[in-house]
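One structure below.
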There are 2 protein chains.
Amino acid sequence: MNIQPPRTRIQRKNTQAILEAALLVFSRHGFRGATLDQIAAAAGLSKPNLLYYFPSKEAVHVTLLSQLMDTWLDPLREMDPDGEPVEELLGYVSRKLQMSRDFPRESRLFANEILQGAPRMQEVLATDLRKLVDEKVTIIRGWAAAGKIADIDPHHLIFSIWALTQHYADFDVQVRAVLGEDRDPFAEAETFLRTLFTKLLRP
Amino acid sequence: MNIQPPRTRIQRKNTQAILEAALLVFSRHGFRGATLDQIAAAAGLSKPNLLYYFPSKEAVHVTLLSQLMDTWLDPLREMDPDGEPVEELLGYVSRKLQMSRDFPRESRLFANEILQGAPRMQEVLATDLRKLVDEKVTIIRGWAAAGKIADIDPHHLIFSIWALTQHYADFDVQVRAVLGEDRDPFAEAETFLRTLFTKLLRP
DNA sequence: CGTGATCTTGACCAGATGGTCAAAACAATA
DNA sequence: TATTGTTTTGACCATCTGGTCAAGATCACG
């Protein structure tokens, strides 16, 4: 298998196309709901050709998830312990919301996976993600102890940021159905969330 | 078909068992991920027997969704225009969170459906749900105009309640993975959300 | 250009899955 | 208990789907 570093130009091009197509299809239909034919078609390949690059449907899915995990957590990683606390947190909210706007398929892919009980991610969640969160929780706790922000549970603060920002990507259909056609959910969310977290964080 | 009012005792018992089993399976695996055999087994029936009560897999799913829609929106309906604004809203948050704790499968069923683009619910969302929300939005707007609560966008206030409460049901696995085993997410969420919305709503 | 390596595909397979059907088992009621 | 309507099931079917394979097409490079 040519999984890790695609050697030839064609390999690079096709694995890329497959992963993009898979993102599209998996995020819309979930793992079991997606078919290899769909993915192959979306990538402009035949099914056997797709299976020339990936050993199985599962392999495509796993590759996608692990590749995405990194970029997905970047906004949280960027939170600077030495920055101005409220600005750092509001910045994080803003970046996370932009990711929801710019990469809704990625958001839905993860949502799908977690909803099904995270069968292919339990590990990563309990190790990598937990470690990163714990790190940031310590920082936030420090800010609270120093009186820079209100004294609220840092874990749930982070959950609330995830919930609120991802909601606009994952439940996009619902949001638009309720809001009507003429409004821009993400633009409104930006100001709403800024207000919300400003109030919440004020000591 | 014996869909609407199950006449005999056996019919009532079996349709009930099927719907409960379907809730279990659909909420865990999504529509396409669930199989009739799984559902039938969970209901203690054979597949042909299940299909004696419902004409198709889709029919089971649709019946489930529409039956659930009602109970699902009850907490919002209960919000009383004549009550004390902050208490009404905090009460709604609390009821919604309890639904997440007590009916996580229902929550995930809806989440799954919306994630896939709500193919079987577009209608209801754009009509019933939107109407109910608009109603409550008007009430909230009135409260804000009267200076009883802060002047924030009522739509996004409702979205934030949905996002924050459902997160604890839909992303349960992630929450627990990050939080560790010894904590009680829902109990903590209750106090956290009360704090959050108290701060947010204060004029 | 020739040759070996890489890439692509049509045909195919086995298992799963939604759904059918006729006949058997069962319940109710007279 | 006989009769009729309801419920259950084993056997079956068509289709879909993940995956295989051998043979052909294409590419890269000496």
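Identifiers in this document derive from the order of the structure tokens: chains are assigned A, B, ..., residues are numbered from 1 separately in each chain, and ligands are numbered from 1 in order of occurrence.
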List every residue of chain A that has an atom at most 8 Å from any atom of chain D, giving for each one its closest atom pair and the distance in Å to one decimal, counting only C-alpha atoms (C1' of nucleotides), sorted by chain and then by ascending residue number, as a tab-separated table.
```
residue	atom	partner	partner_atom	distance
A:Thr35	CA	D:DT17	C1'	7.3
A:Leu36	CA	D:DG18	C1'	7.6
A:Ser56	CA	D:DG19	C1'	7.9
A:Lys57	CA	D:DG18	C1'	7.7
```
Item to check | Spatial neighbours of A:Ala144, max dist 10 Å, only C-alpha atoms (C1' of nucleotides), sep filter under 5 positions, as a ChimeraX atom specification | outcome: /A:85,138-139,149-154,201,203
Save out the residues we just selected, C-alpha atoms, as a short mmCIF file (atom, residue, chain, number, x, y, z; two decimals), in the first residue's frame.
```
data_model
loop_
_atom_site.label_atom_id
_atom_site.label_comp_id
_atom_site.auth_asym_id
_atom_site.auth_seq_id
_atom_site.Cartn_x
_atom_site.Cartn_y
_atom_site.Cartn_z
CA PRO A 85 -6.88 36.08 28.82
CA THR A 138 -4.65 24.50 33.56
CA ILE A 139 -3.95 27.75 31.78
CA ILE A 149 -11.50 36.10 34.10
CA ALA A 150 -14.54 34.86 35.96
CA ASP A 151 -14.15 31.72 38.01
CA ILE A 152 -15.98 29.17 35.87
CA ASP A 153 -15.30 25.51 35.17
CA PRO A 154 -12.68 25.50 32.39
CA LEU A 201 -15.80 35.73 31.19
CA PRO A 203 -14.75 38.52 36.43
#
```
Checklist entry - Would you list which chain B residues are within 12 Å of chain C using only C-alpha atoms (C1' of nucleotides), as a PyMOL selection string? => result chain B and resi 8-10+32-38+47-52+54-58
Next on the checklist: One decimal, in Å: what's the spacing between atom CA of A:Leu157 and atom CA of A:Leu89?
Outcome noted: 9.7 Å
Got a sec to pull out which chain B residues are within 8 Å of chain A, counting only C-alpha atoms, and send them as a tab-separated table (two decimals) with all heavy atoms, in the first residue's frame?
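Wrote iface.tsv, looks like this:
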```
chain	number	residue	atom	x	y	z
B	27	SER	N	-30.70	5.55	16.56
B	27	SER	CA	-29.94	6.61	17.22
B	27	SER	C	-28.47	6.25	17.32
B	27	SER	O	-27.61	7.11	17.40
B	27	SER	CB	-30.50	6.87	18.62
B	27	SER	OG	-30.19	5.79	19.49
B	28	ARG	N	-28.18	4.96	17.33
B	28	ARG	CA	-26.78	4.55	17.45
B	28	ARG	C	-26.09	4.47	16.09
B	28	ARG	O	-24.92	4.76	15.97
B	28	ARG	CB	-26.73	3.18	18.15
B	28	ARG	CG	-25.35	2.74	18.58
B	28	ARG	CD	-24.69	3.65	19.59
B	28	ARG	NE	-25.31	3.58	20.91
B	28	ARG	CZ	-24.91	4.29	21.96
B	28	ARG	NH1	-23.90	5.13	21.86
B	28	ARG	NH2	-25.54	4.20	23.11
B	29	HIS	N	-26.85	4.08	15.06
B	29	HIS	CA	-26.19	3.80	13.78
B	29	HIS	C	-26.66	4.68	12.63
B	29	HIS	O	-26.17	4.53	11.51
B	29	HIS	CB	-26.39	2.33	13.40
B	29	HIS	CG	-25.89	1.37	14.43
B	29	HIS	ND1	-24.55	1.15	14.66
B	29	HIS	CD2	-26.54	0.59	15.32
B	29	HIS	CE1	-24.41	0.26	15.64
B	29	HIS	NE2	-25.60	-0.09	16.06
B	30	GLY	N	-27.64	5.54	12.87
B	30	GLY	CA	-28.18	6.33	11.78
B	30	GLY	C	-29.11	5.50	10.92
B	30	GLY	O	-29.23	4.29	11.12
B	31	PHE	N	-29.77	6.15	9.96
B	31	PHE	CA	-30.76	5.42	9.17
B	31	PHE	C	-30.14	4.30	8.36
B	31	PHE	O	-30.52	3.15	8.47
B	31	PHE	CB	-31.51	6.38	8.25
B	31	PHE	CG	-32.56	5.71	7.41
B	31	PHE	CD1	-33.74	5.28	7.98
B	31	PHE	CD2	-32.34	5.48	6.06
B	31	PHE	CE1	-34.71	4.63	7.22
B	31	PHE	CE2	-33.30	4.84	5.30
B	31	PHE	CZ	-34.48	4.42	5.88
B	32	ARG	N	-29.16	4.64	7.55
B	32	ARG	CA	-28.58	3.63	6.68
B	32	ARG	C	-27.77	2.61	7.46
B	32	ARG	O	-27.64	1.45	7.06
B	32	ARG	CB	-27.71	4.29	5.61
B	32	ARG	CG	-28.55	5.03	4.59
B	32	ARG	CD	-27.98	4.89	3.20
B	32	ARG	NE	-27.49	3.57	2.88
B	32	ARG	CZ	-26.73	3.29	1.84
B	32	ARG	NH1	-26.36	4.24	1.05
B	32	ARG	NH2	-26.33	2.06	1.61
B	33	GLY	N	-27.21	3.04	8.57
B	33	GLY	CA	-26.39	2.11	9.36
B	33	GLY	C	-27.20	1.08	10.11
B	33	GLY	O	-26.68	0.04	10.50
B	108	ARG	N	-29.88	11.99	19.91
B	108	ARG	CA	-28.98	11.54	18.84
B	108	ARG	C	-29.74	11.20	17.57
B	108	ARG	O	-29.22	11.40	16.46
B	108	ARG	CB	-28.17	10.32	19.32
B	108	ARG	CG	-27.07	10.69	20.29
B	108	ARG	CD	-26.02	9.59	20.35
B	108	ARG	NE	-26.62	8.32	20.73
B	108	ARG	CZ	-26.72	7.89	21.98
B	108	ARG	NH1	-26.25	8.63	22.96
B	108	ARG	NH2	-27.27	6.74	22.24
B	111	ALA	N	-30.19	14.48	15.94
B	111	ALA	CA	-28.89	14.97	15.50
B	111	ALA	C	-28.47	14.26	14.21
B	111	ALA	O	-28.04	14.89	13.25
B	111	ALA	CB	-27.85	14.76	16.58
B	112	ASN	N	-28.61	12.97	14.20
B	112	ASN	CA	-28.30	12.20	13.00
B	112	ASN	C	-29.08	12.71	11.80
B	112	ASN	O	-28.51	12.94	10.73
B	112	ASN	CB	-28.66	10.71	13.22
B	112	ASN	CG	-27.44	9.85	13.42
B	112	ASN	OD1	-26.51	9.87	12.62
B	112	ASN	ND2	-27.41	9.09	14.50
B	114	ILE	N	-30.54	15.61	11.27
B	114	ILE	CA	-30.16	16.96	10.84
B	114	ILE	C	-28.80	16.94	10.16
B	114	ILE	O	-28.59	17.57	9.13
B	114	ILE	CB	-30.11	17.92	12.04
B	114	ILE	CG1	-31.41	17.87	12.81
B	114	ILE	CG2	-29.83	19.33	11.57
B	114	ILE	CD1	-32.56	18.52	12.15
B	115	LEU	N	-27.89	16.17	10.73
B	115	LEU	CA	-26.54	16.08	10.15
B	115	LEU	C	-26.58	15.65	8.69
B	115	LEU	O	-25.79	16.12	7.87
B	115	LEU	CB	-25.72	15.07	10.94
B	115	LEU	CG	-24.77	15.59	12.00
B	115	LEU	CD1	-23.94	14.46	12.53
B	115	LEU	CD2	-23.88	16.67	11.43
B	116	GLN	N	-27.46	14.72	8.40
B	116	GLN	CA	-27.54	14.22	7.02
B	116	GLN	C	-28.30	15.18	6.11
B	116	GLN	O	-28.61	14.84	4.98
B	116	GLN	CB	-28.24	12.86	6.97
B	116	GLN	CG	-27.99	11.98	8.17
B	116	GLN	CD	-26.84	11.03	7.97
B	116	GLN	OE1	-26.79	10.30	6.99
B	116	GLN	NE2	-25.85	11.05	8.87
B	117	GLY	N	-28.62	16.36	6.64
B	117	GLY	CA	-29.32	17.32	5.83
B	117	GLY	C	-30.82	17.27	6.01
B	117	GLY	O	-31.57	17.84	5.22
B	118	ALA	N	-31.27	16.52	7.02
B	118	ALA	CA	-32.69	16.44	7.36
B	118	ALA	C	-33.58	16.04	6.20
B	118	ALA	O	-34.63	16.64	5.95
B	118	ALA	CB	-33.17	17.76	7.94
B	122	GLN	N	-37.14	18.28	6.54
B	122	GLN	CA	-37.11	19.65	6.00
B	122	GLN	C	-38.44	20.35	6.23
B	122	GLN	O	-38.49	21.45	6.78
B	122	GLN	CB	-36.83	19.60	4.49
B	122	GLN	CG	-35.40	19.29	4.12
B	122	GLN	CD	-34.52	20.54	4.15
B	122	GLN	OE1	-34.75	21.46	4.92
B	122	GLN	NE2	-33.48	20.52	3.34
B	125	LEU	N	-39.29	21.24	9.88
B	125	LEU	CA	-38.41	22.29	10.38
B	125	LEU	C	-38.86	23.65	9.88
B	125	LEU	O	-38.98	24.60	10.65
B	125	LEU	CB	-36.97	22.04	9.92
B	125	LEU	CG	-36.27	20.79	10.43
B	125	LEU	CD1	-34.82	20.79	9.99
B	125	LEU	CD2	-36.37	20.68	11.94
B	126	ALA	N	-39.12	23.72	8.59
B	126	ALA	CA	-39.43	25.01	7.98
B	126	ALA	C	-40.83	25.49	8.33
B	126	ALA	O	-41.14	26.68	8.18
B	126	ALA	CB	-39.27	24.93	6.47
B	129	LEU	N	-41.59	23.83	13.34
B	129	LEU	CA	-40.53	24.29	14.24
B	129	LEU	C	-40.35	25.80	14.12
B	129	LEU	O	-40.30	26.52	15.12
B	129	LEU	CB	-39.22	23.58	13.92
B	129	LEU	CG	-38.05	24.05	14.77
B	129	LEU	CD1	-38.31	23.75	16.25
B	129	LEU	CD2	-36.75	23.40	14.34
B	130	ARG	N	-40.27	26.24	12.89
B	130	ARG	CA	-40.06	27.68	12.69
B	130	ARG	C	-41.18	28.50	13.31
B	130	ARG	O	-40.93	29.53	13.93
B	130	ARG	CB	-39.97	27.98	11.18
B	130	ARG	CG	-39.67	29.42	10.93
B	130	ARG	CD	-39.31	29.72	9.52
B	130	ARG	NE	-39.07	31.16	9.37
B	130	ARG	CZ	-38.79	31.74	8.22
B	130	ARG	NH1	-38.66	31.00	7.14
B	130	ARG	NH2	-38.58	33.03	8.17
B	133	VAL	N	-40.76	28.57	17.09
B	133	VAL	CA	-39.63	29.42	17.47
B	133	VAL	C	-39.98	30.89	17.30
B	133	VAL	O	-39.72	31.71	18.20
B	133	VAL	CB	-38.38	29.07	16.65
B	133	VAL	CG1	-37.30	30.11	16.85
B	133	VAL	CG2	-37.86	27.69	17.03
B	152	ILE	N	-30.46	40.71	23.62
B	152	ILE	CA	-29.67	39.84	22.74
B	152	ILE	C	-30.58	39.20	21.72
B	152	ILE	O	-31.80	39.14	21.91
B	152	ILE	CB	-28.98	38.72	23.55
B	152	ILE	CG1	-30.01	38.06	24.44
B	152	ILE	CG2	-27.83	39.28	24.36
B	152	ILE	CD1	-29.44	36.99	25.30
B	153	ASP	N	-29.99	38.74	20.62
B	153	ASP	CA	-30.78	38.15	19.55
B	153	ASP	C	-31.50	36.88	20.04
B	153	ASP	O	-30.86	35.90	20.40
B	153	ASP	CB	-29.86	37.80	18.38
B	153	ASP	CG	-30.66	37.32	17.17
B	153	ASP	OD1	-31.52	36.45	17.35
B	153	ASP	OD2	-30.43	37.82	16.07
B	155	HIS	N	-33.25	34.54	18.50
B	155	HIS	CA	-32.99	33.32	17.74
B	155	HIS	C	-31.71	32.65	18.22
B	155	HIS	O	-31.68	31.45	18.50
B	155	HIS	CB	-32.87	33.65	16.24
B	155	HIS	CG	-34.18	33.77	15.54
B	155	HIS	ND1	-34.66	34.98	15.08
B	155	HIS	CD2	-35.13	32.85	15.24
B	155	HIS	CE1	-35.84	34.79	14.50
B	155	HIS	NE2	-36.16	33.51	14.58
B	156	HIS	N	-30.68	33.44	18.31
B	156	HIS	CA	-29.40	32.85	18.69
B	156	HIS	C	-29.38	32.45	20.16
B	156	HIS	O	-28.66	31.53	20.54
B	156	HIS	CB	-28.26	33.81	18.34
B	156	HIS	CG	-28.07	33.95	16.86
B	156	HIS	ND1	-27.27	33.10	16.13
B	156	HIS	CD2	-28.61	34.81	15.97
B	156	HIS	CE1	-27.32	33.44	14.85
B	156	HIS	NE2	-28.12	34.48	14.72
B	159	PHE	N	-30.85	29.07	19.86
B	159	PHE	CA	-29.83	28.17	19.31
B	159	PHE	C	-28.81	27.79	20.37
B	159	PHE	O	-28.38	26.65	20.46
B	159	PHE	CB	-29.10	28.83	18.13
B	159	PHE	CG	-29.96	29.03	16.92
B	159	PHE	CD1	-29.65	30.01	15.99
B	159	PHE	CD2	-31.09	28.24	16.70
B	159	PHE	CE1	-30.45	30.21	14.86
B	159	PHE	CE2	-31.89	28.43	15.58
B	159	PHE	CZ	-31.56	29.42	14.66
B	160	SER	N	-28.40	28.77	21.15
B	160	SER	CA	-27.36	28.49	22.13
B	160	SER	C	-27.87	27.52	23.19
B	160	SER	O	-27.12	26.67	23.68
B	160	SER	CB	-26.87	29.80	22.77
B	160	SER	OG	-27.85	30.35	23.62
B	163	ALA	N	-27.81	24.13	21.42
B	163	ALA	CA	-26.44	23.65	21.22
B	163	ALA	C	-25.85	23.16	22.54
B	163	ALA	O	-25.28	22.07	22.62
B	163	ALA	CB	-25.58	24.76	20.63
B	164	LEU	N	-25.99	23.97	23.57
B	164	LEU	CA	-25.32	23.66	24.84
B	164	LEU	C	-25.93	22.44	25.52
B	164	LEU	O	-25.21	21.63	26.10
B	164	LEU	CB	-25.38	24.88	25.76
B	164	LEU	CG	-24.44	26.02	25.33
B	164	LEU	CD1	-24.77	27.29	26.08
B	164	LEU	CD2	-22.98	25.61	25.57
B	167	HIS	N	-25.46	19.14	23.32
B	167	HIS	CA	-24.06	18.72	23.25
B	167	HIS	C	-23.76	17.60	24.25
B	167	HIS	O	-23.02	16.67	23.94
B	167	HIS	CB	-23.15	19.92	23.53
B	167	HIS	CG	-21.69	19.64	23.34
B	167	HIS	ND1	-21.08	19.67	22.10
B	167	HIS	CD2	-20.72	19.30	24.22
B	167	HIS	CE1	-19.80	19.38	22.24
B	167	HIS	NE2	-19.55	19.16	23.51
B	170	ASP	N	-25.41	14.40	22.66
B	170	ASP	CA	-24.89	13.96	21.38
B	170	ASP	C	-23.39	13.65	21.42
B	170	ASP	O	-22.92	12.73	20.76
B	170	ASP	CB	-25.14	15.04	20.32
B	170	ASP	CG	-26.62	15.37	20.18
B	170	ASP	OD1	-27.45	14.56	20.63
B	170	ASP	OD2	-26.94	16.44	19.63
B	171	PHE	N	-22.65	14.43	22.18
B	171	PHE	CA	-21.20	14.25	22.24
B	171	PHE	C	-20.77	13.62	23.56
B	171	PHE	O	-19.63	13.77	23.99
B	171	PHE	CB	-20.49	15.58	22.02
B	171	PHE	CG	-20.64	16.08	20.60
B	171	PHE	CD1	-21.83	16.63	20.17
B	171	PHE	CD2	-19.58	15.99	19.71
B	171	PHE	CE1	-21.97	17.08	18.87
B	171	PHE	CE2	-19.72	16.44	18.40
B	171	PHE	CZ	-20.92	16.98	17.99
B	173	VAL	N	-19.83	10.78	24.48
B	173	VAL	CA	-18.57	10.02	24.47
B	173	VAL	C	-17.37	10.95	24.60
B	173	VAL	O	-16.45	10.69	25.38
B	173	VAL	CB	-18.41	9.23	23.15
B	173	VAL	CG1	-17.27	8.25	23.26
B	173	VAL	CG2	-19.69	8.51	22.80
B	174	GLN	N	-17.39	12.03	23.83
B	174	GLN	CA	-16.27	12.96	23.86
B	174	GLN	C	-16.18	13.64	25.23
B	174	GLN	O	-15.10	13.74	25.81
B	174	GLN	CB	-16.45	14.01	22.77
B	174	GLN	CG	-15.21	14.84	22.53
B	174	GLN	CD	-15.46	15.95	21.53
B	174	GLN	OE1	-16.42	16.71	21.63
B	174	GLN	NE2	-14.59	16.05	20.55
B	175	VAL	N	-17.30	14.10	25.71
B	175	VAL	CA	-17.33	14.77	27.00
B	175	VAL	C	-16.73	13.89	28.08
B	175	VAL	O	-15.87	14.31	28.85
B	175	VAL	CB	-18.78	15.17	27.38
B	175	VAL	CG1	-18.86	15.57	28.84
B	175	VAL	CG2	-19.26	16.30	26.48
B	177	ALA	N	-14.78	11.27	27.67
B	177	ALA	CA	-13.38	10.98	27.41
B	177	ALA	C	-12.49	12.10	27.92
B	177	ALA	O	-11.43	11.86	28.51
B	177	ALA	CB	-13.15	10.76	25.91
B	178	VAL	N	-12.92	13.32	27.72
B	178	VAL	CA	-12.11	14.47	28.12
B	178	VAL	C	-12.17	14.70	29.62
B	178	VAL	O	-11.19	15.08	30.25
B	178	VAL	CB	-12.58	15.74	27.37
B	178	VAL	CG1	-11.96	16.98	27.98
B	178	VAL	CG2	-12.24	15.63	25.89
B	179	LEU	N	-13.36	14.46	30.17
B	179	LEU	CA	-13.59	14.78	31.58
B	179	LEU	C	-13.04	13.70	32.51
B	179	LEU	O	-12.73	13.98	33.67
B	179	LEU	CB	-15.09	14.93	31.80
B	179	LEU	CG	-15.61	16.13	32.58
B	179	LEU	CD1	-14.88	17.39	32.20
B	179	LEU	CD2	-17.10	16.28	32.34
B	189	ALA	N	-22.96	20.29	34.26
B	189	ALA	CA	-23.54	21.13	33.22
B	189	ALA	C	-24.68	21.97	33.79
B	189	ALA	O	-24.83	23.16	33.44
B	189	ALA	CB	-24.04	20.28	32.07
B	192	PHE	N	-23.17	24.88	35.56
B	192	PHE	CA	-22.45	25.72	34.59
B	192	PHE	C	-23.43	26.50	33.72
B	192	PHE	O	-23.27	27.72	33.53
B	192	PHE	CB	-21.54	24.86	33.71
B	192	PHE	CG	-20.85	25.64	32.63
B	192	PHE	CD1	-19.71	26.38	32.91
B	192	PHE	CD2	-21.34	25.63	31.33
B	192	PHE	CE1	-19.07	27.11	31.92
B	192	PHE	CE2	-20.70	26.37	30.32
B	192	PHE	CZ	-19.57	27.11	30.63
B	196	LEU	N	-23.94	30.47	33.23
B	196	LEU	CA	-23.78	31.08	31.90
B	196	LEU	C	-24.99	31.90	31.52
B	196	LEU	O	-24.87	33.08	31.15
B	196	LEU	CB	-23.53	29.98	30.86
B	196	LEU	CG	-23.16	30.41	29.44
B	196	LEU	CD1	-22.33	29.31	28.77
B	196	LEU	CD2	-24.40	30.68	28.60
B	199	LYS	N	-25.66	35.08	33.63
B	199	LYS	CA	-24.81	36.20	33.22
B	199	LYS	C	-25.26	36.79	31.88
B	199	LYS	O	-25.28	38.00	31.69
B	199	LYS	CB	-23.36	35.74	33.10
B	199	LYS	CG	-22.70	35.43	34.44
B	199	LYS	CD	-21.21	35.22	34.23
B	199	LYS	CE	-20.49	35.05	35.57
B	199	LYS	NZ	-19.05	35.31	35.45
B	200	LEU	N	-25.60	35.89	30.96
B	200	LEU	CA	-25.96	36.35	29.62
B	200	LEU	C	-27.24	37.17	29.64
B	200	LEU	O	-27.36	38.17	28.92
B	200	LEU	CB	-26.15	35.14	28.70
B	200	LEU	CG	-26.65	35.46	27.28
B	200	LEU	CD1	-25.65	36.35	26.55
B	200	LEU	CD2	-26.88	34.18	26.49
```
Checklist outcome for this item: From the list B:Ser100, B:Phe110, B:Ala40, B:Met79, the nearest residue to B:Ser66 using only C-alpha atoms is B:Phe110
Next on the checklist: To one decimal place in Å, what is the distance between atom CA of B:Gln16 and atom CA of B:Pro75?
Outcome noted: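 Calculated distance between atom CA of B:Gln16 and atom CA of B:Pro75 is 23.5 Å.
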Checklist entry - Got a sec to tell me which of chain B DSSP assigns to helix (DSSP H, G or I), as number ranges by chain? => result B: 9-33, 36-43, 47-53, 57-77, 85-102, 104-115, 122-145, 154-170, 172-179, 185-201
